[in-house]
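*Asks:* Encoded as structure tokens, here's the structure I'll be asking about.
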Amino acid sequence: MKKRMAMIAALAAALMSTGMIAYAADTADIGEPNGGTEIELWHYFEHEADALNAVCKQYNESQSEIYVVPTFVSREELMKQYTIGAVSGELPDIGMVDSPDMASYISLGVFEDITSYLEGWEDIDQFYAGPLSSCKDSEGNLYGLPNNSNCLAILCNMELLKAAGYEEPPKTIEEFKEICEATTDAANGVYGFAMCAIGNEEGTFQFIPWLYGAGATVASVNSEEGIAAFETLGELIENGWMSKEVVNWGQGDALNAWAAGKAAMLESGTWQIANLDGDLKDTVTWEYKYTEIPASANGAQATVIGGENFGVCAGAENVEACVDFLKFMQTAESNAEWCEIAGKLPVRADAVGLKDFWTADERYKVFNDSMDFAVARGPHESWPTISEALYTAEQAVLLGEKDAATAVADAAAVIDPILAEVPLP
């Protein structure tokens with residue numbers, strides 16, 4: 001930790017030497033000042049900023065003790081400010097962060113432990129376990145609340161599936177492999193499955209469902225179940241059911257391959273529904289369906305969450321006021337309203353029934369139902385290092401450089417000592 005803080009201090013000094021980070025308060029209507037204590041909130045929402053401003057206005061006009069002022073800061077700049085603030089103490093009252101990154105900033109002292117302020121709040125039991133866990137440290141203490149979520153499912157080209165004799169998407173891993181084989185058309189460059197397996201966090205994001213779905217976790221990656229997860233994906237390449245190019249594809253690239261008719265099935269994210277309704281509307285002319293990521297032979301099933309959290313920053317003068325706003329922003333009603341406008345998934349189970357957005361559209365319903373078994377990445381302060389070990393092992397297997405057992409052992413050699421020192425929550 002001393003070495004880490006020294007490095008952070010050096011980085012902060014370098015960042016500050018380039019000048020203060022530029023940011024500007026939102027000019028949108030957030031309600032007239034109500035005479036209450038001003039709470040500064042920083043976020044990197046762009047398309048969703050109007051929805052956030054609307055929540056702030058509603059809160060500001062509902063009482064006269066607290067006045068929340070949202071400020072847009074680009075994501076890159078905001079992360080830099082957290083690094084600087086960890087040393088200088090110059091932080092907003094409330095800050096937004098990508099869910100897998102929160103644990104790292106908690107360990108650096110960016111966020112305040114608000115567990116005691118949430119004690120007795122019955123609403124906490126309504127939050128899905130995956131998103132809520134991303135706000136915790138290794139001891140289970142809460143430093144904020146999840147704001148929105150997304151997850152992964154399987155997108156099927158039903159025209160190709162039906163041509164191969166399958167009327168419905170796969171439900172089990174055995175059916176999944178069977179359909180992969182049946183829909184692969186090597187002569188025309190069509191594969192049964194496409195995914196993102198690039199060597200970065202996107203690759204890890206898309207790998208996690210297969211690891212947890214096999215019955216393993218990051219903490220037990222070097223197990224029979226962990227090895228089986230890598231073997232499953234390696235088998236797709238070995239049998240020619242998935243292109244080796246997936247190691248170079250981001251999630252957008254994989255979607256484009258599927259949209260070009262070069263894959264029957266795709267590991268797809270919630271946000272890609274907007275692509276199907278927008279830029280790809282005239283390209284994807286065939287029937288398609290989403291389905292949950294197939295259950296493994298042992299019945300385990302998983303998907304993985306994305307999304308953002310809001311935490312109370314260390315040094316906030318009025319922590320209780322900050323928590324009061326977070327509670328307001330994350331009521332079932334507010335969460336439902338905001339996520340519908342932003343096209344995201346609620347982080348509370350009781351928010352789903354308040355709108356038909358996630359149930360009337362079968363596509364969103366698949367993702368929403370998957371939240372019951374969605375897991376977070378980590379959460380862990382050393383997640384970038386853990387993530388690198390995972391996607392490096394996955395790529396080694398997919399490229400045929402290592403067998404699954406060897407790749408897993410190499411990944412575990414990196415991951416296990418980290419978790420021995422600081423376990424997962």
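FYI, nothing fancy with the structure tokens labels: chains A, B, ... in order, residues from 1 per chain, ligands from 1 as they appear.
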Give me the range 165-209 of chain A side of the contact with range 262-282 of chain A, cut-off 12 Å, one line per residue showing its nearest atom pair and distance in Å at one decimal, counting only C-alpha atoms, sorted by chain and residue number, as a tab-separated table.
*Replies:*
```
residue	atom	partner	partner_atom	distance
A:Tyr166	CA	A:Ala264	CA	11.6
A:Pro169	CA	A:Met265	CA	9.1
A:Pro170	CA	A:Met265	CA	9.9
A:Phe176	CA	A:Met265	CA	9.3
A:Lys177	CA	A:Met265	CA	10.9
A:Ile179	CA	A:Ala264	CA	8.7
A:Cys180	CA	A:Ala264	CA	7.6
A:Glu181	CA	A:Ala264	CA	10.2
A:Ala182	CA	A:Ala264	CA	9.7
A:Thr183	CA	A:Ala264	CA	6.4
A:Thr184	CA	A:Ala264	CA	7.7
A:Asp185	CA	A:Lys262	CA	9.1
A:Ala186	CA	A:Lys262	CA	10.0
A:Ala187	CA	A:Lys262	CA	11.4
A:Asn188	CA	A:Lys262	CA	8.3
A:Gly189	CA	A:Lys262	CA	6.3
A:Val190	CA	A:Lys262	CA	4.3
A:Tyr191	CA	A:Ala263	CA	4.6
A:Gly192	CA	A:Ala264	CA	4.9
A:Phe193	CA	A:Met265	CA	4.6
A:Ala194	CA	A:Leu266	CA	4.8
A:Met195	CA	A:Glu267	CA	5.2
A:Cys196	CA	A:Glu267	CA	7.7
A:Ala197	CA	A:Glu267	CA	10.5
A:Glu202	CA	A:Gly269	CA	11.1
A:Gly203	CA	A:Glu267	CA	11.2
A:Phe205	CA	A:Gly269	CA	10.3
A:Gln206	CA	A:Glu267	CA	7.4
A:Phe207	CA	A:Glu267	CA	9.8
A:Ile208	CA	A:Glu267	CA	11.7
A:Pro209	CA	A:Glu267	CA	10.0
```
*Asks:* What would the file look like if the residues just selected were written as a PDB file, in the first residue's frame with N, CA and C atoms?
*Replies:*
```pdb
ATOM      1  N   TYR A 166     -33.705 -25.640 -36.054  1.00  0.00           N
ATOM      2  CA  TYR A 166     -33.943 -25.257 -34.657  1.00  0.00           C
ATOM      3  C   TYR A 166     -34.938 -24.099 -34.606  1.00  0.00           C
ATOM      4  N   PRO A 169     -34.006 -20.688 -29.573  1.00  0.00           N
ATOM      5  CA  PRO A 169     -32.612 -20.533 -29.153  1.00  0.00           C
ATOM      6  C   PRO A 169     -32.230 -21.607 -28.141  1.00  0.00           C
ATOM      7  N   PRO A 170     -30.941 -21.819 -27.938  1.00  0.00           N
ATOM      8  CA  PRO A 170     -30.486 -22.833 -26.980  1.00  0.00           C
ATOM      9  C   PRO A 170     -30.735 -22.428 -25.535  1.00  0.00           C
ATOM     10  N   PHE A 176     -26.453 -25.383 -27.038  1.00  0.00           N
ATOM     11  CA  PHE A 176     -25.662 -24.296 -27.605  1.00  0.00           C
ATOM     12  C   PHE A 176     -24.580 -24.848 -28.542  1.00  0.00           C
ATOM     13  N   LYS A 177     -23.841 -25.831 -28.085  1.00  0.00           N
ATOM     14  CA  LYS A 177     -22.787 -26.417 -28.916  1.00  0.00           C
ATOM     15  C   LYS A 177     -23.373 -27.104 -30.146  1.00  0.00           C
ATOM     16  N   ILE A 179     -26.121 -26.335 -31.753  1.00  0.00           N
ATOM     17  CA  ILE A 179     -26.538 -25.324 -32.719  1.00  0.00           C
ATOM     18  C   ILE A 179     -25.329 -24.643 -33.350  1.00  0.00           C
ATOM     19  N   CYS A 180     -24.269 -24.443 -32.568  1.00  0.00           N
ATOM     20  CA  CYS A 180     -23.036 -23.880 -33.138  1.00  0.00           C
ATOM     21  C   CYS A 180     -22.544 -24.732 -34.303  1.00  0.00           C
ATOM     22  N   GLU A 181     -22.523 -26.035 -34.086  1.00  0.00           N
ATOM     23  CA  GLU A 181     -22.064 -26.951 -35.133  1.00  0.00           C
ATOM     24  C   GLU A 181     -23.009 -26.937 -36.331  1.00  0.00           C
ATOM     25  N   ALA A 182     -24.314 -26.989 -36.065  1.00  0.00           N
ATOM     26  CA  ALA A 182     -25.300 -27.088 -37.140  1.00  0.00           C
ATOM     27  C   ALA A 182     -25.380 -25.824 -37.992  1.00  0.00           C
ATOM     28  N   THR A 183     -25.086 -24.675 -37.424  1.00  0.00           N
ATOM     29  CA  THR A 183     -25.218 -23.419 -38.171  1.00  0.00           C
ATOM     30  C   THR A 183     -23.906 -22.940 -38.787  1.00  0.00           C
ATOM     31  N   THR A 184     -22.821 -23.622 -38.503  1.00  0.00           N
ATOM     32  CA  THR A 184     -21.537 -23.247 -39.102  1.00  0.00           C
ATOM     33  C   THR A 184     -21.510 -23.668 -40.566  1.00  0.00           C
ATOM     34  N   ASP A 185     -21.164 -22.718 -41.405  1.00  0.00           N
ATOM     35  CA  ASP A 185     -21.061 -22.957 -42.853  1.00  0.00           C
ATOM     36  C   ASP A 185     -19.702 -22.458 -43.309  1.00  0.00           C
ATOM     37  N   ALA A 186     -18.706 -23.308 -43.177  1.00  0.00           N
ATOM     38  CA  ALA A 186     -17.322 -22.910 -43.455  1.00  0.00           C
ATOM     39  C   ALA A 186     -17.136 -22.418 -44.885  1.00  0.00           C
ATOM     40  N   ALA A 187     -17.848 -23.019 -45.811  1.00  0.00           N
ATOM     41  CA  ALA A 187     -17.697 -22.654 -47.222  1.00  0.00           C
ATOM     42  C   ALA A 187     -18.071 -21.190 -47.477  1.00  0.00           C
ATOM     43  N   ASN A 188     -19.006 -20.682 -46.692  1.00  0.00           N
ATOM     44  CA  ASN A 188     -19.459 -19.302 -46.864  1.00  0.00           C
ATOM     45  C   ASN A 188     -18.995 -18.380 -45.736  1.00  0.00           C
ATOM     46  N   GLY A 189     -18.067 -18.872 -44.921  1.00  0.00           N
ATOM     47  CA  GLY A 189     -17.503 -18.056 -43.859  1.00  0.00           C
ATOM     48  C   GLY A 189     -18.473 -17.707 -42.759  1.00  0.00           C
ATOM     49  N   VAL A 190     -19.446 -18.595 -42.510  1.00  0.00           N
ATOM     50  CA  VAL A 190     -20.435 -18.370 -41.462  1.00  0.00           C
ATOM     51  C   VAL A 190     -20.121 -19.262 -40.269  1.00  0.00           C
ATOM     52  N   TYR A 191     -20.037 -18.678 -39.097  1.00  0.00           N
ATOM     53  CA  TYR A 191     -19.725 -19.418 -37.884  1.00  0.00           C
ATOM     54  C   TYR A 191     -20.966 -19.546 -37.005  1.00  0.00           C
ATOM     55  N   GLY A 192     -20.931 -20.512 -36.122  1.00  0.00           N
ATOM     56  CA  GLY A 192     -22.052 -20.706 -35.222  1.00  0.00           C
ATOM     57  C   GLY A 192     -22.143 -19.643 -34.152  1.00  0.00           C
ATOM     58  N   PHE A 193     -20.988 -19.073 -33.770  1.00  0.00           N
ATOM     59  CA  PHE A 193     -20.971 -18.141 -32.644  1.00  0.00           C
ATOM     60  C   PHE A 193     -19.906 -17.076 -32.834  1.00  0.00           C
ATOM     61  N   ALA A 194     -20.178 -15.879 -32.303  1.00  0.00           N
ATOM     62  CA  ALA A 194     -19.206 -14.784 -32.296  1.00  0.00           C
ATOM     63  C   ALA A 194     -19.259 -14.105 -30.941  1.00  0.00           C
ATOM     64  N   MET A 195     -18.119 -13.623 -30.497  1.00  0.00           N
ATOM     65  CA  MET A 195     -18.019 -12.917 -29.234  1.00  0.00           C
ATOM     66  C   MET A 195     -16.829 -11.980 -29.279  1.00  0.00           C
ATOM     67  N   CYS A 196     -16.677 -11.189 -28.258  1.00  0.00           N
ATOM     68  CA  CYS A 196     -15.502 -10.348 -28.102  1.00  0.00           C
ATOM     69  C   CYS A 196     -14.538 -11.051 -27.153  1.00  0.00           C
ATOM     70  N   ALA A 197     -13.340 -11.338 -27.630  1.00  0.00           N
ATOM     71  CA  ALA A 197     -12.318 -11.955 -26.786  1.00  0.00           C
ATOM     72  C   ALA A 197     -11.013 -11.180 -26.894  1.00  0.00           C
ATOM     73  N   GLU A 202     -12.918  -5.422 -22.110  1.00  0.00           N
ATOM     74  CA  GLU A 202     -14.069  -5.911 -22.869  1.00  0.00           C
ATOM     75  C   GLU A 202     -14.024  -7.434 -22.991  1.00  0.00           C
ATOM     76  N   GLY A 203     -12.828  -7.964 -23.228  1.00  0.00           N
ATOM     77  CA  GLY A 203     -12.677  -9.412 -23.341  1.00  0.00           C
ATOM     78  C   GLY A 203     -12.999 -10.111 -22.035  1.00  0.00           C
ATOM     79  N   PHE A 205     -14.939  -8.950 -19.671  1.00  0.00           N
ATOM     80  CA  PHE A 205     -16.374  -8.761 -19.481  1.00  0.00           C
ATOM     81  C   PHE A 205     -17.166  -9.887 -20.147  1.00  0.00           C
ATOM     82  N   GLN A 206     -16.786 -10.225 -21.377  1.00  0.00           N
ATOM     83  CA  GLN A 206     -17.523 -11.260 -22.098  1.00  0.00           C
ATOM     84  C   GLN A 206     -17.111 -12.672 -21.679  1.00  0.00           C
ATOM     85  N   PHE A 207     -15.990 -12.810 -21.004  1.00  0.00           N
ATOM     86  CA  PHE A 207     -15.570 -14.138 -20.537  1.00  0.00           C
ATOM     87  C   PHE A 207     -16.204 -14.523 -19.203  1.00  0.00           C
ATOM     88  N   ILE A 208     -16.440 -13.558 -18.339  1.00  0.00           N
ATOM     89  CA  ILE A 208     -16.941 -13.831 -16.986  1.00  0.00           C
ATOM     90  C   ILE A 208     -18.180 -14.725 -16.963  1.00  0.00           C
ATOM     91  N   PRO A 209     -19.194 -14.528 -17.832  1.00  0.00           N
ATOM     92  CA  PRO A 209     -20.363 -15.418 -17.776  1.00  0.00           C
ATOM     93  C   PRO A 209     -20.028 -16.889 -17.982  1.00  0.00           C
TER      94      PRO A 209
END
```
*Asks:* Mind listing the helix (DSSP H, G or I) residues of range 147-313 of chain A, per DSSP on the backbone, as a PyMOL selection string?
*Replies:* chain A and resi 158-163+173-183+186-188+201-213+218-220+224-238+244-248+251-259+272-277
*Asks:* Write out as a ChimeraX atom specification which residues come within 10 Å of Leu132 in chain A when counting only C-alpha atoms, dropping same-chain ones fewer than 2 positions away.
*Replies:* /A:99,124-130,134-136,142,144-147,309,347-348,375-376
*Asks:* Select, from A:Ile114, A:Leu390, A:Met329, A:Ala254, the residue with the minimum atom-to-atom distance to Thr204 in chain A, counting only C-alpha atoms.
*Replies:*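 The answer is A:Leu390, which sits nearest to Thr204 in chain A.
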*Asks:* When DSSP works through the backbone of this structure, what residues of range 135-164 of chain A end up as strand (DSSP E), shown as a list in words?
*Replies:*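 Those in range 135-164 of chain A that DSSP calls strand (DSSP E) are Gly144, Leu145, Pro146, Leu152, Ala153, Ile154, Leu155, Cys156 and Asn157 of chain A.
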*Asks:* Can you tell me which residues surround Leu424 in chain A at a distance of at most 7 Å, considering only C-alpha atoms, apart from same-chain residues fewer than 3 positions away, and format the answer as an MDAnalysis selection string?
*Replies:* chainID A and resid 138 378:380 419
*Asks:* Using only C-alpha atoms, can you tell me which of A:Ala349, A:Leu155, A:Ile173, A:Ala404 comes closest to Leu255 in chain A?
*Replies:*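 Closest candidate: A:Leu155.
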*Asks:* Excluding Val55 in chain A and its own-chain neighbours fewer than 2 positions away, which residues fall within 8 Å of it when counting only C-alpha atoms? Please give them as a PyMOL selection string.
*Replies:* chain A and resi 51-53+57-59+329+334+338
*Asks:* With all heavy atoms kept, could you save the residues just selected as an mmCIF file, in the first residue's frame?
*Replies:*
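Output below, filename part_30.cif:
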```cif
data_model
loop_
_atom_site.group_PDB
_atom_site.id
_atom_site.type_symbol
_atom_site.label_atom_id
_atom_site.label_comp_id
_atom_site.auth_asym_id
_atom_site.auth_seq_id
_atom_site.Cartn_x
_atom_site.Cartn_y
_atom_site.Cartn_z
ATOM 1 N N ALA A 51 -31.570 13.089 -17.932
ATOM 2 C CA ALA A 51 -32.287 12.257 -16.955
ATOM 3 C C ALA A 51 -31.759 12.521 -15.551
ATOM 4 O O ALA A 51 -32.530 12.619 -14.593
ATOM 5 C CB ALA A 51 -32.145 10.776 -17.320
ATOM 6 N N LEU A 52 -30.429 12.648 -15.423
ATOM 7 C CA LEU A 52 -29.832 12.929 -14.117
ATOM 8 C C LEU A 52 -30.243 14.312 -13.622
ATOM 9 O O LEU A 52 -30.591 14.494 -12.449
ATOM 10 C CB LEU A 52 -28.309 12.829 -14.202
ATOM 11 C CG LEU A 52 -27.539 13.188 -12.933
ATOM 12 C CD1 LEU A 52 -27.912 12.253 -11.791
ATOM 13 C CD2 LEU A 52 -26.032 13.131 -13.194
ATOM 14 N N ASN A 53 -30.229 15.285 -14.522
ATOM 15 C CA ASN A 53 -30.623 16.641 -14.134
ATOM 16 C C ASN A 53 -32.075 16.682 -13.654
ATOM 17 O O ASN A 53 -32.415 17.415 -12.716
ATOM 18 C CB ASN A 53 -30.447 17.598 -15.317
ATOM 19 C CG ASN A 53 -28.980 17.812 -15.665
ATOM 20 O OD1 ASN A 53 -28.109 17.687 -14.821
ATOM 21 N ND2 ASN A 53 -28.715 18.130 -16.928
ATOM 22 N N LYS A 57 -33.385 18.060 -10.092
ATOM 23 C CA LYS A 57 -34.409 19.099 -9.978
ATOM 24 C C LYS A 57 -35.553 18.637 -9.083
ATOM 25 O O LYS A 57 -36.017 19.383 -8.203
ATOM 26 C CB LYS A 57 -34.945 19.459 -11.356
ATOM 27 C CG LYS A 57 -36.031 20.531 -11.304
ATOM 28 C CD LYS A 57 -36.543 20.893 -12.687
ATOM 29 C CE LYS A 57 -37.615 21.978 -12.596
ATOM 30 N NZ LYS A 57 -38.151 22.354 -13.924
ATOM 31 N N GLN A 58 -35.999 17.415 -9.302
ATOM 32 C CA GLN A 58 -37.100 16.879 -8.499
ATOM 33 C C GLN A 58 -36.723 16.868 -7.020
ATOM 34 O O GLN A 58 -37.534 17.232 -6.153
ATOM 35 C CB GLN A 58 -37.451 15.468 -8.974
ATOM 36 C CG GLN A 58 -38.684 14.879 -8.306
ATOM 37 C CD GLN A 58 -38.997 13.489 -8.820
ATOM 38 O OE1 GLN A 58 -38.249 12.912 -9.612
ATOM 39 N NE2 GLN A 58 -40.102 12.918 -8.364
ATOM 40 N N TYR A 59 -35.489 16.462 -6.728
ATOM 41 C CA TYR A 59 -35.037 16.412 -5.341
ATOM 42 C C TYR A 59 -34.907 17.818 -4.764
ATOM 43 O O TYR A 59 -35.375 18.090 -3.640
ATOM 44 C CB TYR A 59 -33.692 15.695 -5.260
ATOM 45 C CG TYR A 59 -33.143 15.601 -3.857
ATOM 46 C CD1 TYR A 59 -33.674 14.714 -2.932
ATOM 47 C CD2 TYR A 59 -32.076 16.413 -3.455
ATOM 48 C CE1 TYR A 59 -33.174 14.625 -1.638
ATOM 49 C CE2 TYR A 59 -31.564 16.338 -2.171
ATOM 50 C CZ TYR A 59 -32.112 15.438 -1.261
ATOM 51 O OH TYR A 59 -31.612 15.359 0.009
ATOM 52 N N MET A 329 -32.433 9.275 -5.150
ATOM 53 C CA MET A 329 -32.146 8.958 -6.550
ATOM 54 C C MET A 329 -32.377 7.481 -6.840
ATOM 55 O O MET A 329 -32.712 7.100 -7.955
ATOM 56 C CB MET A 329 -30.703 9.343 -6.893
ATOM 57 C CG MET A 329 -30.319 9.081 -8.341
ATOM 58 S SD MET A 329 -28.766 9.872 -8.856
ATOM 59 C CE MET A 329 -27.597 9.059 -7.783
ATOM 60 N N SER A 334 -37.699 6.402 -8.737
ATOM 61 C CA SER A 334 -36.664 7.164 -9.432
ATOM 62 C C SER A 334 -35.812 6.266 -10.313
ATOM 63 O O SER A 334 -35.462 6.628 -11.439
ATOM 64 C CB SER A 334 -35.769 7.894 -8.415
ATOM 65 O OG SER A 334 -36.486 8.901 -7.737
ATOM 66 N N TRP A 338 -35.599 6.871 -14.288
ATOM 67 C CA TRP A 338 -34.299 7.225 -14.875
ATOM 68 C C TRP A 338 -33.841 6.174 -15.878
ATOM 69 O O TRP A 338 -33.412 6.504 -16.991
ATOM 70 C CB TRP A 338 -33.267 7.360 -13.752
ATOM 71 C CG TRP A 338 -32.001 8.007 -14.235
ATOM 72 C CD1 TRP A 338 -31.689 9.323 -14.171
ATOM 73 C CD2 TRP A 338 -30.909 7.359 -14.883
ATOM 74 N NE1 TRP A 338 -30.461 9.531 -14.740
ATOM 75 C CE2 TRP A 338 -29.967 8.349 -15.186
ATOM 76 C CE3 TRP A 338 -30.636 6.048 -15.247
ATOM 77 C CZ2 TRP A 338 -28.758 8.077 -15.824
ATOM 78 C CZ3 TRP A 338 -29.436 5.756 -15.896
ATOM 79 C CH2 TRP A 338 -28.509 6.763 -16.167
#
```
*Asks:* Of the candidates A:Ala351, A:Ala374, A:Ile39, A:Met242, which shows the shortest atom-to-atom distance to Trp210 in chain A, using only C-alpha atoms?
*Replies:*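 Among the listed residues, the smallest separation from Trp210 in chain A belongs to A:Ala374.
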*Asks:* Cys313 in chain A: which residues within 10 Å, counting only C-alpha atoms, same-chain residues fewer than 5 positions away excluded, as a PyMOL selection string?
*Replies:* chain A and resi 41+82+85-86+89-96+105-106+109-114+143-144+319+322
